[in-house]
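Engineer: mmCIF, C-alpha atoms, file model-v7.cif:
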data_target
loop_
_atom_site.group_PDB
_atom_site.id
_atom_site.type_symbol
_atom_site.label_atom_id
_atom_site.label_comp_id
_atom_site.auth_asym_id
_atom_site.auth_seq_id
_atom_site.Cartn_x
_atom_site.Cartn_y
_atom_site.Cartn_z
ATOM 1 C CA LEU A 1 99.684 85.536 90.078
ATOM 2 C CA THR A 2 101.049 86.624 86.731
ATOM 3 C CA GLY A 3 99.580 88.957 84.165
ATOM 4 C CA THR A 4 96.745 91.368 84.806
ATOM 5 C CA ILE A 5 94.474 91.542 87.827
ATOM 6 C CA PRO A 6 91.441 89.419 86.822
ATOM 7 C CA SER A 7 88.269 91.524 86.598
ATOM 8 C CA SER A 8 86.344 88.721 88.319
ATOM 9 C CA ILE A 9 88.264 89.427 91.523
ATOM 10 C CA TYR A 10 86.259 92.636 91.935
ATOM 11 C CA ASN A 11 83.075 90.540 92.289
ATOM 12 C CA LEU A 12 84.311 89.156 95.627
ATOM 13 C CA THR A 13 82.319 91.724 97.567
ATOM 14 C CA ASN A 14 82.512 89.814 100.884
ATOM 15 C CA LEU A 15 86.285 89.341 100.755
ATOM 16 C CA LEU A 16 88.051 90.763 103.809
ATOM 17 C CA SER A 17 91.697 90.653 102.717
ATOM 18 C CA LEU A 18 93.319 90.815 99.286
ATOM 19 C CA THR A 19 97.063 90.427 98.807
ATOM 20 C CA LEU A 20 98.508 90.613 95.296
ATOM 21 C CA SER A 21 102.262 90.286 95.651
ATOM 22 C CA SER A 22 104.034 89.237 92.509
ATOM 23 C CA ASP A 23 107.048 89.635 90.314
ATOM 24 C CA PHE A 24 104.826 89.486 87.242
ATOM 25 C CA LEU A 25 101.749 91.647 87.901
ATOM 26 C CA SER A 26 100.771 94.043 85.125
ATOM 27 C CA GLY A 27 97.785 96.031 83.885
ATOM 28 C CA THR A 28 95.664 98.377 85.956
ATOM 29 C CA ILE A 29 93.903 98.460 89.288
ATOM 30 C CA GLY A 30 90.315 98.622 88.049
ATOM 31 C CA THR A 31 87.804 101.192 89.233
ATOM 32 C CA GLU A 32 85.665 98.194 90.234
ATOM 33 C CA ILE A 33 87.921 97.885 93.304
ATOM 34 C CA GLY A 34 85.368 100.203 94.914
ATOM 35 C CA ASN A 35 82.835 97.334 94.841
ATOM 36 C CA MET A 36 84.896 95.314 97.347
ATOM 37 C CA ARG A 37 83.462 97.234 100.286
ATOM 38 C CA SER A 38 84.080 94.512 102.880
ATOM 39 C CA LEU A 39 87.865 94.686 102.475
ATOM 40 C CA THR A 40 89.823 95.430 105.628
ATOM 41 C CA SER A 41 93.241 94.832 104.033
ATOM 42 C CA LEU A 42 94.492 95.549 100.512
ATOM 43 C CA ASP A 43 98.141 94.821 99.770
ATOM 44 C CA ILE A 44 99.577 95.178 96.269
ATOM 45 C CA ALA A 45 103.349 94.763 96.178
ATOM 46 C CA ILE A 46 105.598 94.271 93.192
ATOM 47 C CA ASN A 47 109.213 93.169 93.264
ATOM 48 C CA ALA A 48 110.780 96.383 91.964
ATOM 49 C CA ALA A 49 113.847 94.549 90.624
ATOM 50 C CA ASN A 50 111.644 92.817 88.060
ATOM 51 C CA VAL A 51 109.616 95.785 86.853
ATOM 52 C CA ASP A 52 109.893 96.186 83.072
ATOM 53 C CA ALA A 53 112.681 93.599 82.794
ATOM 54 C CA LEU A 54 110.139 90.803 83.101
ATOM 55 C CA GLY A 55 107.184 92.668 81.670
ATOM 56 C CA ALA A 56 105.784 93.311 85.137
ATOM 57 C CA ASN A 57 104.411 96.785 85.411
ATOM 58 C CA LEU A 58 101.168 98.207 86.708
ATOM 59 C CA VAL A 59 99.858 101.106 84.667
ATOM 60 C CA GLY A 60 97.154 103.647 85.257
ATOM 61 C CA THR A 61 96.551 105.493 88.481
ATOM 62 C CA LEU A 62 95.269 104.612 91.929
ATOM 63 C CA PRO A 63 91.495 104.774 91.351
ATOM 64 C CA THR A 64 89.522 107.310 93.368
ATOM 65 C CA GLU A 65 86.964 104.537 93.972
ATOM 66 C CA ILE A 66 89.364 103.143 96.566
ATOM 67 C CA GLY A 67 87.803 105.764 98.833
ATOM 68 C CA ARG A 68 84.665 103.590 98.982
ATOM 69 C CA LEU A 69 86.485 100.883 100.980
ATOM 70 C CA ILE A 70 85.483 102.402 104.301
ATOM 71 C CA TYR A 71 86.378 99.299 106.340
ATOM 72 C CA LEU A 72 89.998 99.256 105.180
ATOM 73 C CA GLU A 73 92.452 99.144 108.059
ATOM 74 C CA ARG A 74 95.512 98.439 105.907
ATOM 75 C CA LEU A 75 96.241 99.857 102.446
ATOM 76 C CA MET A 76 99.636 99.015 100.989
ATOM 77 C CA ILE A 77 100.473 99.815 97.363
ATOM 78 C CA MET A 78 104.247 99.297 97.334
ATOM 79 C CA GLY A 79 106.679 99.142 94.438
ATOM 80 C CA ALA A 80 103.928 99.298 91.846
ATOM 81 C CA PHE A 81 105.363 102.469 90.266
ATOM 82 C CA LEU A 82 101.865 103.897 89.827
ATOM 83 C CA PRO A 83 101.777 107.444 88.400
ATOM 84 C CA GLY A 84 99.296 110.209 89.117
ATOM 85 C CA THR A 85 98.246 111.911 92.290
ATOM 86 C CA ILE A 86 97.318 110.365 95.611
ATOM 87 C CA PRO A 87 93.503 110.443 95.679
ATOM 88 C CA VAL A 88 92.024 112.801 98.259
ATOM 89 C CA GLU A 89 89.256 110.190 98.605
ATOM 90 C CA LEU A 90 91.617 108.273 100.889
ATOM 91 C CA ASN A 91 90.316 110.678 103.523
ATOM 92 C CA ASN A 92 87.111 108.570 103.546
ATOM 93 C CA LEU A 93 89.028 105.577 104.944
ATOM 94 C CA THR A 94 88.500 106.486 108.591
ATOM 95 C CA SER A 95 89.320 102.953 109.840
ATOM 96 C CA LEU A 96 92.785 103.053 108.258
ATOM 97 C CA ILE A 97 95.681 102.131 110.569
ATOM 98 C CA VAL A 98 98.410 101.540 107.941
ATOM 99 C CA LEU A 99 98.767 103.571 104.738
ATOM 100 C CA SER A 100 101.836 102.631 102.732
ATOM 101 C CA LEU A 101 102.254 104.159 99.273
ATOM 102 C CA GLY A 102 106.035 103.989 98.908
ATOM 103 C CA TYR A 103 108.043 103.257 95.777
ATOM 104 C CA ASN A 104 105.576 104.562 93.223
ATOM 105 C CA PHE A 105 105.594 107.512 90.828
ATOM 106 C CA PHE A 106 102.973 109.562 92.673
ATOM 107 C CA THR A 107 103.198 113.278 91.887
ATOM 108 C CA GLY A 108 101.572 116.371 93.300
ATOM 109 C CA THR A 109 101.102 117.022 96.973
ATOM 110 C CA ILE A 110 100.280 114.875 99.976
ATOM 111 C CA PRO A 111 96.533 115.206 100.530
ATOM 112 C CA PRO A 112 95.297 116.614 103.855
ATOM 113 C CA LEU A 113 94.173 113.335 105.424
ATOM 114 C CA ALA A 114 92.674 114.871 108.556
ATOM 115 C CA SER A 115 89.931 112.221 108.971
ATOM 116 C CA LEU A 116 92.317 109.281 109.457
ATOM 117 C CA HIS A 117 92.385 109.493 113.267
ATOM 118 C CA GLN A 118 93.361 105.820 113.716
ATOM 119 C CA LEU A 119 96.336 106.032 111.333
ATOM 120 C CA ASN A 120 99.481 104.649 112.962
ATOM 121 C CA LEU A 121 101.839 104.411 109.951
ATOM 122 C CA ALA A 122 101.903 106.620 106.838
ATOM 123 C CA VAL A 123 104.485 105.968 104.112
ATOM 124 C CA PHE A 124 104.815 108.431 101.237
ATOM 125 C CA ALA A 125 108.541 107.714 100.714
ATOM 126 C CA TYR A 126 110.205 107.271 97.341
ATOM 127 C CA ASN A 127 107.702 108.944 95.061
ATOM 128 C CA GLN A 128 107.819 112.209 93.119
ATOM 129 C CA LEU A 129 105.825 114.337 95.544
ATOM 130 C CA THR A 130 106.221 118.109 95.741
ATOM 131 C CA GLY A 131 105.085 120.995 97.892
ATOM 132 C CA GLY A 132 104.652 121.224 101.610
ATOM 133 C CA VAL A 133 103.497 118.730 104.187
ATOM 134 C CA PRO A 134 99.848 119.399 105.121
ATOM 135 C CA SER A 135 99.420 120.688 108.663
ATOM 136 C CA GLU A 136 96.274 118.528 108.946
ATOM 137 C CA LEU A 137 98.525 115.488 109.445
ATOM 138 C CA GLY A 138 99.317 116.939 112.865
ATOM 139 C CA SER A 139 95.759 116.143 113.988
ATOM 140 C CA LEU A 140 96.424 112.404 113.588
ATOM 141 C CA VAL A 141 97.079 111.672 117.250
ATOM 142 C CA SER A 142 97.601 107.920 116.680
ATOM 143 C CA LEU A 143 100.395 108.527 114.151
ATOM 144 C CA GLN A 144 103.648 106.863 115.224
ATOM 145 C CA ASP A 145 105.654 106.867 111.967
ATOM 146 C CA LEU A 146 105.487 109.224 108.977
ATOM 147 C CA MET A 147 107.907 108.465 106.151
ATOM 148 C CA LEU A 148 108.483 111.285 103.680
ATOM 149 C CA GLN A 149 112.052 110.630 102.514
ATOM 150 C CA GLY A 150 113.387 109.901 99.052
ATOM 151 C CA GLN A 151 111.259 112.068 96.750
ATOM 152 C CA PHE A 152 112.995 111.756 93.369
ATOM 153 C CA GLY A 153 112.754 113.024 89.840
ATOM 154 C CA GLU A 154 113.116 116.379 88.185
ATOM 155 C CA SER A 155 111.325 119.098 90.163
ATOM 156 C CA ALA A 156 110.302 116.587 92.847
ATOM 157 C CA GLY A 157 110.910 117.109 96.507
ATOM 158 C CA LEU A 158 109.157 118.473 99.521
ATOM 159 C CA THR A 159 109.569 122.168 100.252
ATOM 160 C CA GLY A 160 108.978 124.493 103.151
ATOM 161 C CA SER A 161 109.199 123.269 106.697
ATOM 162 C CA LEU A 162 107.503 120.732 108.876
ATOM 163 C CA PRO A 163 104.249 122.253 110.208
ATOM 164 C CA PRO A 164 104.193 123.051 113.941
ATOM 165 C CA SER A 165 101.322 120.570 114.404
ATOM 166 C CA LEU A 166 103.642 117.733 113.326
ATOM 167 C CA CYS A 167 106.460 119.076 115.493
ATOM 168 C CA ASP A 168 104.006 118.789 118.390
ATOM 169 C CA LEU A 169 103.492 115.095 117.570
ATOM 170 C CA ILE A 170 107.267 114.554 117.657
ATOM 171 C CA GLN A 171 107.694 116.348 120.955
ATOM 172 C CA ASN A 172 104.545 115.205 122.771
ATOM 173 C CA GLN A 173 104.002 111.678 121.437
ATOM 174 C CA GLY A 174 107.382 110.577 120.151
ATOM 175 C CA THR A 175 106.163 110.301 116.564
ATOM 176 C CA ASN A 176 108.996 109.407 114.156
ATOM 177 C CA ILE A 177 109.096 111.530 111.012
ATOM 178 C CA TYR A 178 111.626 110.526 108.346
ATOM 179 C CA VAL A 179 112.829 113.084 105.790
ATOM 180 C CA THR A 180 115.668 113.374 103.264
ATOM 181 C CA CYS A 181 118.387 115.662 104.587
ATOM 182 C CA LEU A 182 119.387 117.032 101.187
ATOM 183 C CA GLU A 183 115.988 118.335 100.079
ATOM 184 C CA ASP A 184 114.821 121.932 100.291
ATOM 185 C CA PHE A 185 112.798 120.998 103.348
ATOM 186 C CA ILE A 186 113.343 122.183 106.907
ATOM 187 C CA CYS A 187 112.666 120.111 109.975
ATOM 188 C CA ASP A 188 114.176 121.664 113.054
ATOM 189 C CA CYS A 189 112.140 119.813 115.657
ATOM 190 C CA GLY A 190 113.558 116.305 115.714
ATOM 191 C CA CYS A 191 112.926 114.598 112.384
ATOM 192 C CA ILE A 192 115.004 111.541 111.525
ATOM 193 C CA CYS A 193 117.263 112.381 108.591
ATOM 194 C CA SER A 194 118.218 109.962 105.848
ATOM 195 C CA LEU A 195 120.174 110.537 102.653
#
Before anything else, please render the file you have as structure tokens.
Structural biologist:
Amino acid sequence: LTGTIPSSIYNLTNLLSLTLSSDFLSGTIGTEIGNMRSLTSLDIAINAANVDALGANLVGTLPTEIGRLIYLERLMIMGAFLPGTIPVELNNLTSLIVLSLGYNFFTGTIPPLASLHQLNLAVFAYNQLTGGVPSELGSLVSLQDLMLQGQFGESAGLTGSLPPSLCDLIQNQGTNIYVTCLEDFICDCGCICSL
């Protein structure tokens, strides 16, 4: 697929899985994505090496209407370099097992996604996120991997320390939590450090 995401794709209301992986995808993710309520998997990945150089670049933000896709088990928006905040409406996606939002330009804080009890993998790495890690993530007892490393950009970076609830997941369940060692962020309970 090259060019923009066709608006007609949003009319596929019975579609279960949508994968848009391309070197040449541009335009926006339309708010009409919320009409695709049967989706169990949404995967939008862009080859980061080709962004801008080939005219491939998604613009706009991740629409809040994505929170209507209550059957989603897998949401991957990788390498799209989307700006804006991570919608708190993701908390409506209670069937979610994989949430991967790495390699974007998301700013602000990580939302408290306390309703995602089936979540196994959460990737917030390589964005421009700031602030602390919400303690609510510690209630996600299915969580095996949480990737927070690589927050970049001026004034970006996680601060504070890992909440005790997440330390409990590390110690009691063997959850892997990845952080950047050089940030102003303290994890003294067994995080995996990367540079």
Engineer: Could you check which of A:Ala80, A:Val179, A:Leu12, A:Val133 is closest to Gln149 in chain A, using only C-alpha atoms?
Structural biologist: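 The answer is A:Val179, which sits nearest to Gln149 in chain A.
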Engineer: Please provide as a PyMOL selection string all residues within 7 Å of Phe105 in chain A, with the sequence filter that same-chain residues fewer than 2 positions apart are discarded (counting all atoms listed in the file).
Structural biologist: chain A and resi 81-83+103+107+127-128
Engineer: Go ahead and save the residues from that selection, with C-alpha atoms, as a PDB file, in the frame of the given file.
Structural biologist:
ATOM      1  CA  PHE A  81     105.363 102.469  90.266  1.00  0.00           C
ATOM      2  CA  LEU A  82     101.865 103.897  89.827  1.00  0.00           C
ATOM      3  CA  PRO A  83     101.777 107.444  88.400  1.00  0.00           C
ATOM      4  CA  TYR A 103     108.043 103.257  95.777  1.00  0.00           C
ATOM      5  CA  THR A 107     103.198 113.278  91.887  1.00  0.00           C
ATOM      6  CA  ASN A 127     107.702 108.944  95.061  1.00  0.00           C
ATOM      7  CA  GLN A 128     107.819 112.209  93.119  1.00  0.00           C
TER       8      GLN A 128
END
Engineer: Pick from A:Ser100, A:Thr94, A:Leu137, A:Ser26: nearest to Leu113 in chain A, with all atoms listed in the file counted?
Structural biologist: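 Counting all atoms listed in the file, the residue closest to Leu113 in chain A is A:Leu137.
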Engineer: Would you mind listing what lies within 12 Å of range 172-176 of chain A as an NGL selection string, with only C-alpha atoms counted and same-chain residues fewer than 2 positions away left out?
Structural biologist: :A and (119-123 or 137-148 or 164-170 or 178-179 or 189-193)
Engineer: For the file shown, report as a list in words the outcome of the PyMOL selection byres ((chain A and resi 89) around 8) at residue level.
Structural biologist: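 Output from the PyMOL selection byres ((chain A and resi 89) around 8), applied to this file: Thr64, Glu65, Ile66, Gly67, Pro87, Val88, Leu90, Asn91, Asn92 and Leu93 of chain A.
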Engineer: Counting all atoms listed in the file, figure out which residue out of A:Ala156, A:Leu72, A:Leu20, A:Met78 gets nearest to Thr109 in chain A.
Structural biologist: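 Smallest separation from Thr109 in chain A among the options: A:Ala156.
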Engineer: Which residue gives the smallest distance to Leu99 in chain A among A:Ile29, A:Met76, A:Ala125, A:Ile46, with only C-alpha atoms counted?
Structural biologist: A:Met76
Engineer: Which polymer residues have any atom within 10 Å of an atom of range 38-42 of chain A, counting all atoms listed in the file, with same-chain residues fewer than 2 positions away left out, as a PyMOL selection string?
Structural biologist: chain A and resi 12-20+33-36+44-45+66+68-77+95-96+98
Engineer: Restricting the calculation to all atoms listed in the file: of A:Asp43, A:Arg37, A:Thr180, A:Ile97, which residue gets closest to Leu116 in chain A?
Structural biologist: A:Ile97
Engineer: How many Å lie between CA of Gly132 in chain A and CA of Gln151 in chain A, rounded to one decimal?
Structural biologist: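 CA of Gln151 in chain A lies at a distance of 12.3 Å from CA of Gly132 in chain A.
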Engineer: Which value, in Å to one decimal, gives the distance between CA of Ser161 in chain A and CA of Cys187 in chain A?
Structural biologist: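 For CA of Ser161 in chain A relative to CA of Cys187 in chain A, the distance reads 5.7 Å.
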Engineer: Suppose you want the space between CA of Ser194 in chain A and CA of Gly157 in chain A; what is it in Å?
Structural biologist: 13.8 Å
